$ cat query15.pdb   # PDB, C-alpha atoms
ATOM      1  CA  MET A   1      84.864  30.686-189.698
ATOM      2  CA  SER A   2      86.913  30.117-186.569
ATOM      3  CA  ALA A   3      90.585  29.202-186.662
ATOM      4  CA  PRO A   4      91.163  25.451-186.562
ATOM      5  CA  ALA A   5      93.078  23.703-183.824
ATOM      6  CA  GLU A   6      96.842  23.262-184.178
ATOM      7  CA  GLY A   7      97.719  20.724-186.845
ATOM      8  CA  SER A   8      94.492  21.041-188.789
ATOM      9  CA  VAL A   9      95.566  23.432-191.523
ATOM     10  CA  ASP A  10      94.729  20.746-194.083
ATOM     11  CA  GLU A  11      91.185  20.530-192.692
ATOM     12  CA  PHE A  12      90.839  24.312-192.794
ATOM     13  CA  VAL A  13      91.979  24.418-196.428
ATOM     14  CA  ALA A  14      89.700  21.510-197.346
ATOM     15  CA  SER A  15      86.747  23.430-195.921
ATOM     16  CA  LEU A  16      87.455  26.597-197.914
ATOM     17  CA  ASP A  17      84.934  27.795-200.453
ATOM     18  CA  HIS A  18      87.472  29.021-203.009
ATOM     19  CA  GLU A  19      87.562  28.718-206.794
ATOM     20  CA  LEU A  20      91.244  27.669-206.858
ATOM     21  CA  PRO A  21      91.770  24.962-204.204
ATOM     22  CA  ASP A  22      94.420  23.271-206.363
ATOM     23  CA  VAL A  23      96.396  26.537-206.499
ATOM     24  CA  VAL A  24      96.129  26.915-202.720
ATOM     25  CA  ASP A  25      97.559  23.388-202.334
ATOM     26  CA  LEU A  26     100.333  24.009-204.864
ATOM     27  CA  VAL A  27     101.387  27.277-203.216
ATOM     28  CA  ARG A  28     101.429  25.682-199.755
ATOM     29  CA  THR A  29     103.502  22.771-201.053
ATOM     30  CA  SER A  30     105.908  25.151-202.807
ATOM     31  CA  ILE A  31     106.472  27.227-199.674
ATOM     32  CA  LYS A  32     107.001  24.129-197.518
ATOM     33  CA  SER A  33     109.469  22.669-200.042
ATOM     34  CA  ALA A  34     111.404  25.948-200.144
ATOM     35  CA  VAL A  35     111.808  26.050-196.375
ATOM     36  CA  PRO A  36     111.216  22.582-194.880
ATOM     37  CA  GLN A  37     111.756  23.697-191.268
ATOM     38  CA  ILE A  38     108.833  26.155-191.248
ATOM     39  CA  SER A  39     105.660  25.846-189.256
ATOM     40  CA  GLU A  40     102.273  26.381-190.842
ATOM     41  CA  SER A  41      99.220  27.643-188.994
ATOM     42  CA  ILE A  42      96.058  29.601-189.591
ATOM     43  CA  LYS A  43      96.389  33.313-188.960
ATOM     44  CA  TRP A  44      94.301  36.141-190.363
ATOM     45  CA  LYS A  45      91.838  33.468-191.609
ATOM     46  CA  ALA A  46      94.374  31.894-193.975
ATOM     47  CA  PRO A  47      97.435  29.622-194.040
ATOM     48  CA  ASN A  48     100.437  31.383-192.517
ATOM     49  CA  PHE A  49     104.089  30.327-192.514
ATOM     50  CA  ALA A  50     106.723  31.085-189.885
ATOM     51  CA  LEU A  51     110.198  30.344-188.649
ATOM     52  CA  SER A  52     110.992  32.402-185.539
ATOM     53  CA  ASP A  53     108.384  34.905-186.817
ATOM     54  CA  ASP A  54     105.794  34.974-189.578
ATOM     55  CA  PHE A  55     107.104  35.523-193.108
ATOM     56  CA  ALA A  56     104.322  34.530-195.525
ATOM     57  CA  THR A  57     100.544  34.566-195.387
ATOM     58  CA  LEU A  58      98.063  33.560-198.041
ATOM     59  CA  ASN A  59      95.358  36.041-198.976
ATOM     60  CA  LEU A  60      92.313  34.082-200.129
ATOM     61  CA  ARG A  61      89.769  36.902-200.149
ATOM     62  CA  ARG A  62      89.602  37.052-203.934
ATOM     63  CA  PRO A  63      87.790  33.959-205.215
ATOM     64  CA  ASP A  64      89.664  34.110-208.539
ATOM     65  CA  ALA A  65      93.207  34.423-207.140
ATOM     66  CA  VAL A  66      95.609  33.097-204.536
ATOM     67  CA  GLN A  67      97.909  35.780-203.212
ATOM     68  CA  VAL A  68     101.027  35.210-201.138
ATOM     69  CA  ILE A  69     101.981  38.115-198.897
ATOM     70  CA  LEU A  70     105.698  37.947-198.104
ATOM     71  CA  HIS A  71     106.604  40.029-195.067
ATOM     72  CA  THR A  72     109.103  40.335-192.214
ATOM     73  CA  GLY A  73     106.824  39.356-189.351
ATOM     74  CA  GLY A  74     103.448  39.553-187.709
ATOM     75  CA  LYS A  75     104.123  43.165-186.759
ATOM     76  CA  PRO A  76     105.776  45.804-188.974
ATOM     77  CA  LYS A  77     109.523  46.155-188.492
ATOM     78  CA  PRO A  78     110.413  49.555-189.949
ATOM     79  CA  ASP A  79     114.072  49.125-188.951
ATOM     80  CA  HIS A  80     114.467  45.802-190.800
ATOM     81  CA  PRO A  81     116.925  46.121-193.693
ATOM     82  CA  LYS A  82     115.311  46.312-197.112
ATOM     83  CA  ILE A  83     114.537  42.872-198.530
ATOM     84  CA  ASP A  84     116.338  42.415-201.836
ATOM     85  CA  VAL A  85     115.428  39.281-203.780
ATOM     86  CA  ASP A  86     116.163  38.266-207.323
ATOM     87  CA  ASP A  87     112.901  38.195-209.319
ATOM     88  CA  PRO A  88     113.695  37.446-212.982
ATOM     89  CA  ALA A  89     110.142  36.153-213.572
ATOM     90  CA  SER A  90     108.652  39.433-212.255
ATOM     91  CA  LEU A  91     106.377  37.661-209.799
ATOM     92  CA  LEU A  92     106.645  40.249-207.020
ATOM     93  CA  ARG A  93     104.533  43.353-206.599
ATOM     94  CA  TRP A  94     106.168  45.418-203.877
ATOM     95  CA  ALA A  95     103.871  46.935-201.236
ATOM     96  CA  ASP A  96     106.852  48.489-199.413
ATOM     97  CA  ASN A  97     110.544  47.706-198.779
ATOM     98  CA  ASN A  98     109.755  44.627-196.700
ATOM     99  CA  ARG A  99     106.426  43.404-198.053
ATOM    100  CA  ALA A 100     105.685  41.952-201.450
ATOM    101  CA  ILE A 101     102.733  40.157-203.031
ATOM    102  CA  VAL A 102     102.710  37.259-205.481
ATOM    103  CA  THR A 103      99.407  36.564-207.246
ATOM    104  CA  PHE A 104      98.398  33.368-209.027
ATOM    105  CA  THR A 105      95.125  33.141-210.958
ATOM    106  CA  SER A 106      95.380  29.581-212.327
ATOM    107  CA  ARG A 107      97.088  26.265-211.690
ATOM    108  CA  SER A 108      99.004  26.493-214.969
ATOM    109  CA  GLU A 109     100.333  29.924-213.997
ATOM    110  CA  ALA A 110     101.378  28.662-210.548
ATOM    111  CA  LEU A 111     103.031  25.556-212.025
ATOM    112  CA  ALA A 112     104.972  27.602-214.584
ATOM    113  CA  ALA A 113     106.145  29.992-211.864
ATOM    114  CA  GLN A 114     106.896  27.319-209.254
ATOM    115  CA  PRO A 115     110.725  27.186-209.649
ATOM    116  CA  ALA A 116     110.998  30.989-209.554
ATOM    117  CA  PHE A 117     108.543  31.236-206.658
ATOM    118  CA  VAL A 118     110.440  28.650-204.581
ATOM    119  CA  ALA A 119     113.691  30.550-205.225
ATOM    120  CA  ILE A 120     112.062  33.819-204.126
ATOM    121  CA  VAL A 121     110.770  32.253-200.902
ATOM    122  CA  ARG A 122     114.207  30.773-200.108
ATOM    123  CA  ASP A 123     115.906  34.107-200.805
ATOM    124  CA  TRP A 124     113.308  36.002-198.752
ATOM    125  CA  VAL A 125     113.722  33.705-195.752
ATOM    126  CA  SER A 126     117.521  33.866-195.959
ATOM    127  CA  GLN A 127     117.261  37.613-195.329
ATOM    128  CA  LEU A 128     115.116  37.156-192.236
ATOM    129  CA  GLN A 129     117.532  34.972-190.304
ATOM    130  CA  PRO A 130     119.769  36.736-187.764
TER     131      PRO A 130
END
$ encode --input "query15.pdb" --output "structure tokens"
Amino acid sequence: MSAPAEGSVDEFVASLDHELPDVVDLVRTSIKSAVPQISESIKWKAPNFALSDDFATLNLRRPDAVQVILHTGGKPKPDHPKIDVDDPASLLRWADNNRAIVTFTSRSEALAAQPAFVAIVRDWVSQLQP
């Protein structure tokens, strides 16, 4: 599937063949509510979120899960200070110091985690700004 034109992320998501479209929508809404000034596009065949650089990308390869990859940009930044976010709900699985993954496997799970997830995204983004 080719990347959609600018501004058609909703169309791209609507065309997905995924078992959890409601979770995809909820996660996108949560990220956009956490950081209203972000831009959303399609990158790596999935919704991607950015400020001055990319910071979150959905991984939709698993049909039974929606994963959010939190990172420090489109390219690795080994010199970026370690990201340190509060995670009392234990949503994050750390892939390295500056990349973490949040996985949702149902709408009820995503709804229950929404306040904690929004707080994590806000905290993550606050550590990316110069």
$ closest_residue --input "query15.pdb" --among "A:Ala113, A:Ala50, A:Ala95, A:Val102" --to "A:Lys32" --atoms "all atoms listed in the file"
A:Ala50
$ residues_near_point --input "query15.pdb" --point "(112.0, 26.8, -197.5)" --cutoff "7 Å" --atoms "only C-alpha atoms" --output "PyMOL selection string"
chain A and resi 31-37+121-122
$ atom_distance --input "query15.pdb" --atom1 "atom CA of A:Thr57" --atom2 "atom CA of A:Leu70"
6.7 Å
$ resolve_selection --input "query15.pdb" --expression "the PyMOL selection byres ((chain A and resi 43-46) around 7)" --output "PyMOL selection string"
chain A and resi 3+41-42+47-48+57-60
$ resolve_selection --input "query15.pdb" --expression "the PyMOL selection byres ((chain A and resi 62) around 10)" --output "compact mmCIF listing (two decimals) with C-alpha atoms, in the frame of the given file"
# COMPACT_ATOMS: atom_id res chain seq x y z
CA HIS A 18 87.47 29.02 -203.01
CA GLU A 19 87.56 28.72 -206.79
CA LEU A 20 91.24 27.67 -206.86
CA ASN A 59 95.36 36.04 -198.98
CA LEU A 60 92.31 34.08 -200.13
CA ARG A 61 89.77 36.90 -200.15
CA PRO A 63 87.79 33.96 -205.22
CA ASP A 64 89.66 34.11 -208.54
CA ALA A 65 93.21 34.42 -207.14
CA VAL A 66 95.61 33.10 -204.54
CA GLN A 67 97.91 35.78 -203.21
CA THR A 105 95.12 33.14 -210.96
$ atom_distance --input "query15.pdb" --atom1 "atom CA of A:Arg93" --atom2 "atom CA of A:Val24"
18.9 Å
$ residues_around --input "query15.pdb" --residues "A:Asp87" --least-positions-apart "6" --cutoff "9 Å" --atoms "only C-alpha atoms" --output "VMD selection string"
chain A and resid 116 to 117 119 to 120
$ atom_distance --input "query15.pdb" --atom1 "atom CA of A:Ile83" --atom2 "atom CA of A:Asn98"
5.4 Å
$ resolve_selection --input "query15.pdb" --expression "the PyMOL selection byres ((chain A and resi 96) around 12)" --output "PyMOL selection string"
chain A and resi 69-72+76-78+80-84+92-95+97-101
$ closest_residue --input "query15.pdb" --among "A:Glu11, A:Glu40, A:Asp22, A:Asp123" --to "A:Arg107" --atoms "only C-alpha atoms"
A:Asp22
$ residues_near_point --input "query15.pdb" --point "(100.6, 20.7, -201.9)" --cutoff "12 Å" --atoms "only C-alpha atoms" --output "PyMOL selection string"
chain A and resi 9-10+13-14+21-33+107+110-111+114
